[in-house]
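Structure data (compact mmCIF, C-alpha atoms) from my_file-v8.txt:
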```
# COMPACT_ATOMS: atom_id res chain seq x y z
CA MET A 1 77.58 25.86 56.89
CA ILE A 2 74.80 23.50 57.99
CA LEU A 3 72.59 26.48 58.89
CA ALA A 4 73.35 28.16 55.56
CA SER A 5 72.48 24.98 53.69
CA ILE A 6 69.18 24.69 55.52
CA ILE A 7 68.31 28.34 54.79
CA LEU A 8 69.24 27.88 51.09
CA ALA A 9 67.03 24.77 50.82
CA LEU A 10 64.12 26.62 52.41
CA ILE A 11 64.55 29.56 49.99
CA ILE A 12 64.67 27.23 46.96
CA PHE A 13 61.59 25.38 48.23
CA LEU A 14 59.70 28.61 48.78
CA VAL A 15 60.68 30.04 45.37
CA SER A 16 59.99 26.90 43.35
CA GLY A 17 57.02 25.55 45.30
CA THR A 18 53.56 26.81 46.02
CA GLY A 19 52.06 27.81 49.29
CA GLY A 20 53.89 28.19 52.51
CA LEU A 21 56.25 25.81 54.22
CA PHE A 22 53.62 24.59 56.63
CA SER A 23 50.57 25.04 54.33
CA SER A 24 48.13 22.13 54.05
CA LYS A 25 48.43 20.04 50.88
CA VAL A 26 46.71 17.11 49.18
CA ASN A 27 48.46 14.32 47.27
CA ILE A 28 46.85 13.22 44.02
CA TYR A 29 48.02 10.90 41.27
CA ALA A 30 48.03 10.60 37.50
CA TYR A 31 49.15 7.65 35.36
CA PHE A 32 50.99 8.24 32.06
CA GLU A 33 52.33 5.98 29.34
CA ASN A 34 55.75 7.70 29.43
CA ALA A 35 57.52 10.09 31.77
CA ALA A 36 58.41 12.30 28.76
CA GLY A 37 61.10 14.27 30.61
CA ILE A 38 59.09 15.16 33.73
CA ARG A 39 61.18 15.53 36.92
CA THR A 40 60.55 15.66 40.62
CA GLY A 41 59.82 19.22 41.69
CA ALA A 42 58.33 20.17 38.32
CA PRO A 43 55.42 22.60 38.66
CA VAL A 44 51.79 21.53 38.46
CA LYS A 45 49.53 24.14 36.89
CA LEU A 46 45.74 24.44 36.83
CA GLU A 47 44.68 26.36 33.74
CA GLY A 48 48.21 27.87 33.66
CA VAL A 49 48.29 28.83 37.38
CA ASN A 50 50.78 27.09 39.72
CA VAL A 51 48.93 25.01 42.29
CA GLY A 52 51.55 22.42 43.32
CA ASN A 53 54.61 20.35 42.46
CA VAL A 54 55.54 16.86 41.33
CA THR A 55 56.77 15.00 44.43
CA ALA A 56 57.41 11.49 43.05
CA ILE A 57 57.68 9.60 39.78
CA ASP A 58 57.31 5.80 40.00
CA LEU A 59 57.32 2.95 37.51
CA ILE A 60 54.40 0.70 38.51
CA PRO A 61 54.26 -2.99 37.42
CA LYS A 62 51.28 -3.91 35.27
CA ASP A 63 49.74 -6.19 37.87
CA HIS A 64 49.70 -3.32 40.38
CA GLN A 65 48.10 -0.76 38.08
CA PRO A 66 44.50 0.29 38.85
CA PRO A 67 41.96 0.02 35.99
CA ILE A 68 41.70 3.69 34.96
CA GLN A 69 38.83 4.65 32.68
CA GLN A 70 40.24 6.87 29.93
CA THR A 71 37.72 9.62 29.08
CA THR A 72 39.31 12.48 27.20
CA PRO A 73 38.09 15.28 24.89
CA LYS A 74 36.35 14.40 21.64
CA ASP A 75 39.42 15.18 19.54
CA TYR A 76 41.47 12.45 21.23
CA ILE A 77 41.03 8.75 20.31
CA ARG A 78 38.07 6.91 21.95
CA PRO A 79 36.58 7.92 25.30
CA ASP A 80 35.82 4.36 26.43
CA VAL A 81 39.23 2.63 26.14
CA VAL A 82 41.16 1.43 29.21
CA PHE A 83 44.93 2.03 28.81
CA ASP A 84 47.85 0.44 30.60
CA LYS A 85 49.87 3.36 32.00
CA PRO A 86 53.03 2.21 33.81
CA VAL A 87 54.29 5.64 35.00
CA ARG A 88 52.67 7.06 38.13
CA VAL A 89 53.22 10.70 38.95
CA LYS A 90 52.51 11.92 42.45
CA MET A 91 51.50 15.57 42.78
CA SER A 92 51.24 17.69 45.88
CA ILE A 93 48.48 20.31 45.48
CA ALA A 94 47.89 23.18 47.91
CA LYS A 95 44.38 23.12 49.37
CA SER A 96 43.96 26.72 48.30
CA GLY A 97 43.87 25.54 44.69
CA LEU A 98 41.46 22.64 45.21
CA LYS A 99 38.27 24.67 44.91
CA ASP A 100 38.60 24.72 41.10
CA LEU A 101 40.07 21.21 40.72
CA ARG A 102 37.49 18.51 40.01
CA THR A 103 37.78 14.74 39.82
CA ASP A 104 36.97 14.72 36.07
CA ALA A 105 39.80 17.16 35.20
CA ILE A 106 42.45 16.02 32.71
CA ALA A 107 46.21 16.15 33.34
CA GLU A 108 48.77 16.28 30.54
CA PHE A 109 52.46 17.00 29.98
CA LYS A 110 53.40 20.32 28.43
CA THR A 111 56.65 22.15 27.81
CA ALA A 112 57.49 25.78 28.39
CA GLY A 113 58.35 26.67 24.81
CA VAL A 114 59.96 24.33 22.29
CA LEU A 115 62.93 23.27 24.45
CA GLY A 116 61.69 24.42 27.86
CA GLU A 117 60.98 22.52 31.06
CA THR A 118 58.30 19.83 31.10
CA PHE A 119 55.47 20.42 33.59
CA ILE A 120 51.98 19.09 34.28
CA ASP A 121 49.03 21.19 33.20
CA ILE A 122 45.54 20.30 34.45
CA ASP A 123 42.57 21.17 32.22
CA ALA A 124 39.42 21.70 34.28
CA THR A 125 37.32 23.30 31.55
CA GLY A 126 33.70 22.16 31.73
CA THR A 127 34.32 19.74 34.61
CA ARG A 128 31.36 18.83 36.82
CA GLY A 129 32.79 16.25 39.24
CA GLY A 130 33.39 16.67 42.94
CA ILE A 131 36.41 18.41 44.47
CA VAL A 132 39.47 16.14 44.53
CA SER A 133 40.55 14.62 47.82
CA GLU A 134 43.61 12.79 49.12
CA GLY A 135 44.68 9.96 46.79
CA ALA A 136 42.45 11.01 43.87
CA ILE A 137 43.48 9.83 40.39
CA LEU A 138 43.09 12.28 37.51
CA ARG A 139 42.41 11.37 33.92
CA THR A 140 45.29 11.92 31.50
CA LYS A 141 46.06 12.19 27.86
CA PRO A 142 49.48 11.55 26.31
CA MET A 143 51.90 14.22 25.31
CA ARG A 144 53.36 14.30 21.86
CA SER A 145 56.99 13.55 22.53
CA MET A 146 59.85 15.34 20.89
CA ASP A 147 60.73 12.11 19.05
CA THR A 148 57.30 12.07 17.43
CA ILE A 149 57.63 15.73 16.44
CA ILE A 150 61.11 15.16 15.03
CA SER A 151 59.90 12.08 13.10
CA ALA A 152 57.02 14.05 11.60
CA SER A 153 59.41 16.90 10.79
CA GLN A 154 61.81 14.43 9.17
CA SER A 155 59.03 13.12 6.96
CA ALA A 156 58.10 16.68 5.99
CA VAL A 157 61.75 17.44 5.22
CA GLU A 158 62.01 14.34 3.04
CA ASN A 159 58.86 15.31 1.13
CA LEU A 160 60.22 18.84 0.74
CA ASP A 161 63.53 17.46 -0.54
CA ALA A 162 61.71 15.31 -3.11
CA LEU A 163 59.70 18.37 -4.17
CA VAL A 164 62.88 20.44 -4.53
CA ARG A 165 64.44 17.74 -6.72
CA ARG A 166 61.36 17.67 -8.94
CA ILE A 167 61.41 21.45 -9.24
CA ASP A 168 65.10 21.26 -10.10
CA ARG A 169 64.38 18.73 -12.87
CA ILE A 170 61.75 21.09 -14.24
CA MET A 171 63.87 24.24 -13.97
CA THR A 172 66.99 22.75 -15.62
CA PRO A 173 65.39 22.36 -19.11
CA ILE A 174 63.85 25.81 -18.73
CA GLU A 175 67.26 27.32 -18.04
CA ASN A 176 68.62 25.50 -21.11
CA GLY A 177 65.88 26.97 -23.30
CA GLN A 178 64.01 23.69 -23.75
CA GLY A 179 60.25 23.41 -23.94
CA THR A 180 57.69 26.15 -24.41
CA ILE A 181 58.50 27.99 -21.17
CA GLY A 182 62.25 27.69 -21.83
CA LYS A 183 61.91 29.17 -25.30
CA PHE A 184 59.58 31.83 -23.94
CA ILE A 185 62.23 32.88 -21.40
CA ASN A 186 65.44 32.42 -23.43
CA ASP A 187 64.47 32.91 -27.10
CA PRO A 188 65.14 36.55 -28.15
CA GLU A 189 63.15 36.05 -31.38
CA LEU A 190 59.98 35.50 -29.38
CA TYR A 191 60.72 38.66 -27.42
CA ASN A 192 61.17 40.61 -30.65
CA ARG A 193 57.87 39.29 -32.03
CA LEU A 194 56.10 40.11 -28.82
CA ASN A 195 57.63 43.58 -28.84
CA ALA A 196 56.54 44.11 -32.48
CA THR A 197 53.02 42.90 -31.62
CA LEU A 198 52.83 45.28 -28.69
CA ALA A 199 54.01 48.11 -30.96
CA GLN A 200 51.22 47.28 -33.42
CA PHE A 201 48.68 47.22 -30.60
CA GLN A 202 50.00 50.57 -29.44
CA ASN A 203 49.59 51.97 -32.96
CA VAL A 204 46.03 50.64 -33.14
CA ALA A 205 45.25 52.10 -29.72
CA THR A 206 46.66 55.47 -30.84
CA GLN A 207 44.47 55.46 -33.97
CA ILE A 208 41.41 54.54 -31.93
CA THR A 209 42.17 57.33 -29.46
CA ALA A 210 42.54 59.73 -32.39
CA GLY A 211 39.09 58.70 -33.69
CA GLN A 212 40.38 56.91 -36.77
CA GLY A 213 38.74 53.80 -38.17
CA THR A 214 35.38 52.29 -37.32
CA ILE A 215 36.16 51.63 -33.66
CA GLY A 216 37.73 55.07 -33.30
CA LYS A 217 34.63 56.74 -34.71
CA LEU A 218 32.45 54.53 -32.52
CA LEU A 219 34.28 55.76 -29.44
CA SER A 220 35.01 59.36 -30.42
CA SER A 221 32.25 60.53 -32.78
CA ASP A 222 28.93 61.80 -31.44
CA GLU A 223 27.18 61.03 -34.72
CA LEU A 224 26.40 57.43 -33.79
CA TYR A 225 25.11 58.59 -30.41
CA GLN A 226 22.87 61.17 -32.08
CA LYS A 227 21.49 58.57 -34.49
CA VAL A 228 20.82 56.12 -31.69
CA ASN A 229 19.23 58.87 -29.64
CA THR A 230 17.03 59.87 -32.61
CA SER A 231 16.03 56.25 -33.18
CA VAL A 232 15.13 55.90 -29.53
CA ASP A 233 13.02 59.08 -29.71
CA LYS A 234 11.21 57.73 -32.78
CA LEU A 235 10.65 54.41 -31.07
CA ASN A 236 9.27 56.22 -28.03
CA ALA A 237 6.92 58.19 -30.29
CA ILE A 238 5.72 54.95 -31.91
CA VAL A 239 5.14 53.36 -28.50
CA ASP A 240 3.28 56.48 -27.32
CA GLY A 241 1.11 56.36 -30.46
CA ILE A 242 0.30 52.71 -29.81
CA ASN A 243 -0.56 53.49 -26.18
CA ASN A 244 -2.81 56.32 -27.41
CA GLY A 245 -4.59 53.98 -29.84
CA GLN A 246 -3.21 55.65 -32.99
CA GLY A 247 -2.53 53.73 -36.19
CA THR A 248 -3.27 50.10 -36.95
CA LEU A 249 -1.25 48.71 -34.05
CA GLY A 250 -2.73 51.29 -31.69
CA LYS A 251 -6.28 50.32 -32.64
CA PHE A 252 -5.35 46.65 -32.46
CA VAL A 253 -4.09 47.17 -28.90
CA LYS A 254 -6.56 49.78 -27.60
CA ASP A 255 -9.77 49.49 -29.66
CA ASP A 256 -12.40 47.33 -27.94
CA GLN A 257 -14.42 47.07 -31.16
CA LEU A 258 -11.77 44.83 -32.70
CA TYR A 259 -11.91 42.58 -29.65
CA ASN A 260 -15.72 42.50 -29.79
CA ASN A 261 -15.73 41.70 -33.51
CA ALA A 262 -13.17 38.94 -32.99
CA ASN A 263 -15.21 37.61 -30.08
CA LYS A 264 -18.39 37.63 -32.19
CA THR A 265 -16.59 35.91 -35.05
CA ILE A 266 -15.33 33.22 -32.71
CA GLN A 267 -18.83 32.76 -31.27
CA THR A 268 -20.31 32.52 -34.79
CA ALA A 269 -17.67 29.99 -35.80
CA GLN A 270 -18.39 27.97 -32.67
CA GLN A 271 -22.13 28.05 -33.41
CA LEU A 272 -21.49 27.00 -37.04
CA ILE A 273 -19.29 24.13 -35.90
CA GLY A 274 -21.95 23.12 -33.36
CA ASP A 275 -24.63 23.11 -36.11
CA ILE A 276 -22.39 21.02 -38.35
CA ASN A 277 -21.77 18.54 -35.52
CA ALA A 278 -25.55 18.44 -34.91
CA GLY A 279 -26.22 17.72 -38.64
CA LYS A 280 -28.03 21.02 -39.29
CA GLY A 281 -27.91 22.77 -42.70
CA PRO A 282 -26.28 21.54 -45.92
CA LEU A 283 -22.83 21.24 -44.35
CA GLY A 284 -24.26 19.47 -41.31
CA ARG A 285 -26.21 17.04 -43.46
CA LEU A 286 -23.17 16.53 -45.65
CA ALA A 287 -21.11 15.72 -42.56
CA LYS A 288 -23.74 13.60 -40.72
CA ASP A 289 -26.33 12.29 -43.29
CA GLU A 290 -25.22 8.93 -44.68
CA GLU A 291 -27.83 9.07 -47.48
CA MET A 292 -26.39 12.39 -48.66
CA ALA A 293 -22.91 10.89 -48.54
CA LYS A 294 -24.08 7.92 -50.65
CA LYS A 295 -25.66 10.27 -53.23
CA LEU A 296 -22.51 12.36 -53.36
CA ASP A 297 -20.43 9.22 -53.77
CA ASN A 298 -22.73 8.02 -56.58
CA LEU A 299 -22.48 11.41 -58.31
CA ILE A 300 -18.69 11.33 -58.10
CA ALA A 301 -18.71 7.79 -59.56
CA LYS A 302 -20.89 8.90 -62.49
CA LEU A 303 -18.71 11.93 -63.18
CA SER A 304 -15.68 9.64 -63.12
CA ALA A 305 -17.35 7.32 -65.66
CA ILE A 306 -18.21 10.27 -67.93
CA SER A 307 -14.64 11.52 -67.64
CA ASP A 308 -13.37 8.06 -68.61
CA GLN A 309 -15.70 8.03 -71.66
CA LEU A 310 -14.53 11.47 -72.72
CA ALA A 311 -10.95 10.38 -72.36
CA ALA A 312 -11.73 7.28 -74.50
CA GLY A 313 -13.42 9.39 -77.24
CA GLN A 314 -16.87 7.89 -76.75
CA GLY A 315 -20.03 9.83 -77.59
CA THR A 316 -20.37 13.19 -79.25
CA ALA A 317 -18.45 15.06 -76.60
CA GLY A 318 -15.79 12.36 -76.61
CA ARG A 319 -15.39 12.49 -80.36
CA LEU A 320 -15.40 16.28 -80.16
CA LEU A 321 -12.46 16.04 -77.74
CA GLN A 322 -10.59 13.12 -79.28
CA ASP A 323 -11.41 12.92 -83.12
CA PRO A 324 -8.81 14.91 -85.12
CA ASN A 325 -11.03 14.83 -88.31
CA LEU A 326 -13.71 16.78 -86.55
CA TYR A 327 -11.11 19.25 -85.42
CA ASP A 328 -9.76 19.57 -89.00
CA SER A 329 -13.31 20.03 -90.46
CA ALA A 330 -14.14 22.67 -87.93
CA ASP A 331 -10.83 24.38 -88.57
CA GLN A 332 -11.46 24.27 -92.37
CA ALA A 333 -14.95 25.73 -91.89
CA LEU A 334 -13.57 28.53 -89.84
CA VAL A 335 -10.98 29.27 -92.50
CA GLU A 336 -13.66 29.38 -95.22
CA VAL A 337 -15.85 31.67 -93.11
CA ARG A 338 -12.89 33.93 -92.52
CA ASN A 339 -12.15 34.04 -96.33
CA LEU A 340 -15.81 34.76 -97.12
CA THR A 341 -15.91 37.58 -94.64
CA LYS A 342 -12.77 39.02 -96.15
CA ALA A 343 -14.16 38.84 -99.67
CA ILE A 344 -17.40 40.56 -98.62
CA ARG A 345 -15.44 43.35 -97.06
CA GLN A 346 -13.40 43.81 -100.23
CA ASP A 347 -16.40 43.79 -102.72
CA PRO A 348 -19.69 44.05 -100.88
CA LYS A 349 -21.69 44.82 -104.11
CA LYS A 350 -20.87 41.48 -105.57
CA TYR A 351 -22.45 39.63 -102.66
CA LEU A 352 -25.01 42.08 -101.38
CA THR A 353 -26.75 43.24 -104.69
CA ILE A 354 -30.54 42.62 -104.76
CA HIS A 355 -32.28 41.98 -108.17
CA PHE A 356 -36.05 42.66 -108.57
CA LYS A 357 -38.06 41.23 -111.53
CA VAL A 358 -41.49 42.62 -112.44
CA PHE A 359 -43.77 40.36 -114.29
```
Structure encoded using structure tokens:
Amino acid sequence: MILASIILALIIFLVSGTGGLFSSKVNIYAYFENAAGIRTGAPVKLEGVNVGNVTAIDLIPKDHQPPIQQTTPKDYIRPDVVFDKPVRVKMSIAKSGLKDLRTDAIAEFKTAGVLGETFIDIDATGTRGGIVSEGAILRTKPMRSMDTIISASQSAVENLDALVRRIDRIMTPIENGQGTIGKFINDPELYNRLNATLAQFQNVATQITAGQGTIGKLLSSDELYQKVNTSVDKLNAIVDGINNGQGTLGKFVKDDQLYNNANKTIQTAQQLIGDINAGKGPLGRLAKDEEMAKKLDNLIAKLSAISDQLAAGQGTAGRLLQDPNLYDSADQALVEVRNLTKAIRQDPKKYLTIHFKVF
């Protein structure tokens, strides 16, 4: 029985451990804030490959803890904080697995599945330190415990329950036909109106498909297309005529003579304006000569005075414009001349007979 027990222990050790029974191993340590379900004999994995086992788990008093510099990946807290970690885990690592294990590797607790065994996984990605030796202390980062996960799940469940209650409060009036959505779902009159509207739309679509109405003709008749095509052809002909210099617009666009004439006119206008600014010619003197301006102002003043006299009835011209007696006399004279002319036309012998006397 003793021999069988020894053989069974050796088999269990060989199956669960790493390396041979007499293979060389190195003991290293890691400090954690909580044991989190780890047990003695639990596997130690390097990038998922078994390299050793947990050989001891100790609770270290604070005054015996070494000052461990916590430097972890960027996504975990601050890299420069020193933590108090009371749980020391001793790991036995086969020397065959030390070639890829560096002093700046990070150890953490992981579980095989949701409810599986807790083990230690060492992350050596991007490490540049030296190869670990006996008594080395690895950096660590905490594991999210099941209590934390359950607490977060509980909060999510509570939020989901509150959301379900709100949805229930919204759905109850809808089921009772209250509100716009409730009436839309439960009111048969709205369904009938919608059905009638769809029937009308179907009728309109049928008429359009049959080519009836303005829209139907627009979609089905080729007449509008022919007219548009003809208009486009005419427009193309007009554009071609303009490009060929035909017609008024064509000459305006293509004829250089029009441009030359316009250019000459602009030059002449510029020269005329320059002469006026220089005081040349009548317009220039009128614009620049102060003596001419004074004479023109004096002339305007005299004309204004004469106009005032005419308006006041002064002088012959003023009396001619303002005296009604003169107007009446002139009118009477014209009437008499018109009567005399009429009488002469009626009996010219009476007025045009010439008498000769011979002595």
**OP:** Could you jot down the CA of Thr265 (chain A) to CA of Val253 (chain A) separation for me, Å, one decimal place?
**Re:**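 Going from CA of Thr265 (chain A) over to CA of Val253 (chain A) covers 17.9 Å.
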Subject >> Separation of CA of Glu291 (chain A) from CA of Leu310 (chain A), in Å and rounded to one decimal >> reply: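 So the two atoms, CA of Glu291 (chain A) and CA of Leu310 (chain A), lie 28.6 Å apart.
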Excluding region 156-173 of chain A and residues on its chain fewer than 6 positions from it, collect all residues at most 10 Å away from it, counting all atoms listed in the file, and give them as an mmCIF file with C-alpha atoms, in the frame of the given file.
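The file below, selection_23.cif, is the result:
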```cif
data_model
loop_
_atom_site.group_PDB
_atom_site.id
_atom_site.type_symbol
_atom_site.label_atom_id
_atom_site.label_comp_id
_atom_site.auth_asym_id
_atom_site.auth_seq_id
_atom_site.Cartn_x
_atom_site.Cartn_y
_atom_site.Cartn_z
ATOM 1 C CA ILE A 150 61.110 15.160 15.030
ATOM 2 C CA GLY A 179 60.250 23.410 -23.940
ATOM 3 C CA ILE A 181 58.500 27.990 -21.170
ATOM 4 C CA GLY A 182 62.250 27.690 -21.830
ATOM 5 C CA LYS A 183 61.910 29.170 -25.300
#
```
Subject >> Å distance separating CA of Ala330 (chain A) from CA of Ile306 (chain A), one decimal place >> reply: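 CA of Ile306 (chain A) lies 23.9 Å from CA of Ala330 (chain A).
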Would you give me, as CSV, each residue of region 100-137 of chain A having an atom within 8 Å of an atom of region 47-55 of chain A, along with its shortest atom pair and that distance in Å to one decimal, using all atoms listed in the file and sorting by chain and residue number?
```
residue,atom,partner,partner_atom,distance
A:Asp121,CA,A:Gly48,CA,6.7
A:Ile122,CA,A:Glu47,CA,6.2
A:Asp123,CA,A:Glu47,CA,5.8
A:Ala124,CA,A:Glu47,CA,7.0
```
**OP:** Considering all atoms listed in the file, state which residue in the set A:Glu134, A:Asp308, A:Asp222, A:Asp58 is at the smallest distance from Phe32 (chain A).
**Re:**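 Using all atoms listed in the file, Phe32 (chain A) sits closest to A:Asp58.
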**OP:** Write out as a count of residues only the residues lying within 12 Å of Gly284 (chain A), counting all atoms listed in the file and excluding same-chain residues fewer than 4 positions away.
**Re:** 15
Box time for region 230-247 of chain A: axis-aligned, enclosing all its listed atoms, 8 Å extra on each side; report centre and edge lengths in Å to one decimal, as JSON.
```
{"center_x": 6.2, "center_y": 56.3, "center_z": -31.2, "size_x": 37.6, "size_y": 23.2, "size_z": 26.0}
```
